Amino acid sequence: MARSNPKSEAAGKADRPDDPEAGPSESLTALRSEIDRIDRQLVELMNERAVVAGRIGHVKKSNNQRTYDPSREETVLQRIADVNPGPLSAESVKAVFRELISGSRAIEQHIRVAYLGPAWTYSHLAALHRFGSAVEFVPVASISAVFEEVESKHSHFGVVPLENSTDGRIADTLDNFSRLAVKICAEVPLRIHHNLLAGCDRTEIREVYSRPQALSQCRNWLARHLPAAKLVEVTSTSHAAETAAKTPHAAAIASRQAGVHHGIDVIAENIEDLEGNSTRFAVIGHEDSARTGHDKTSLMFEIEHKPGGLADALAIPKRQKLNLTWIESFPMAGMERGYVFFVELEGHRTDPRVRRAIQSLEKKCRRVVILGSYAIAAAVG
């Protein structure tokens, strides 16, 4: 009986790409070829979509309609997430389409967006989630400067923090809403994940830099893991990362993206004390958004300083069966014991029940300001 040659058998199998025991190189080559084919199709379809989006923009311009509506984009992204069968997550698919929409929009319109800088702060991340990267981002030094950029029309939009799930309202934002005529046209609920960033081992850390709010939101973790470290407050989490990158034995509490940008490593991730920490950002502009059917409306009102005044005002949404999702009081500058109130209710200002509620409030209050109606947005980050 002739003896088989193992080397010849192995060579024969390698020559047959359909053999289930064939070498991995043939399968890998075929799969890469398939990926290349799909990529070409994706590029063709993305450009085809961009052309159609441009035609929609031309139709809007010819009808004197706004060419950009942030709430409309939120609706589109949510619809895409709803039809996503997987295995990609909804968040991943939305991120891809966000950039596709941003790039398509940039072909037709140059948009400037102001935010509380510098780059890679949480305000910057919120702006990226809302607008994608194909816009001109304008970092400014304060929340007031964001409002001024928008009010003066130097920027088309601004992104400002509105409330934090741990620390509550953002006073500077409410103060500017009480003084300046801008509108809320979208919201960005951003999950806040704090990370310890450093260029050294945790055992070598002597100082930790970050914004006061971030240090506060991580105080229990810091007390357990870095009890001897000095906590240093700075103006932004991004500045903290930059400082830690340049300072021996220093760390920062900031976003992962800030660490990548400044070239320092994540030593510990998600060190916030409370799970579910988030900040809701408002996108401000000169017009609110069109009705989507899944909206909320923000109002500011001033009442007479008398017993039962606030209770009477808050009873109005209840009578119209409108759900209040947010309420804040804010002291008015220059007035003793004077307050304005900020409320948010479900529904668009054009909805009959919302319209009736606003009319009733105008009869009860000294002043009512519609800050804006906009689509309810899903949390990101």
# chains A, B, ... in the order shown; residues from 1 in each chain; ligands from 1

call {"tool": "select_by_dssp", "arguments": {"residues": "stretch 29-216 of chain A", "states": "helix (DSSP H, G or I)", "output": "PyMOL selection string"}}
result
chain A and resi 29-62+70-82+90-108+122-131+143-151+171-179+202-204+212-216

call {"tool": "closest_atom_pairs", "arguments": {"of": "stretch 251-276 of chain A", "to": "stretch 156-177 of chain A", "cutoff": "10 Å", "atoms": "only C-alpha atoms", "output": "Markdown table"}}
result
| residue | atom | partner | partner_atom | distance |
| --- | --- | --- | --- | --- |
| A:Asp273 | CA | A:Thr166 | CA | 9.7 |
| A:Leu274 | CA | A:Thr166 | CA | 7.9 |
| A:Gly276 | CA | A:Ser165 | CA | 8.1 |

call {"tool": "select_by_dssp", "arguments": {"residues": "stretch 112-288 of chain A", "states": "strand (DSSP E or B)", "output": "ChimeraX atom specification"}}
result
/A:112-116,136-140,157-164,168-169,183-191,195-198,207-210,230-233,250-254,265-268,278-285

call {"tool": "closest_residue", "arguments": {"among": "A:Ala313, A:Met332, A:Ala375, A:Leu116", "to": "A:Ser238", "atoms": "only C-alpha atoms"}}
result
A:Leu116
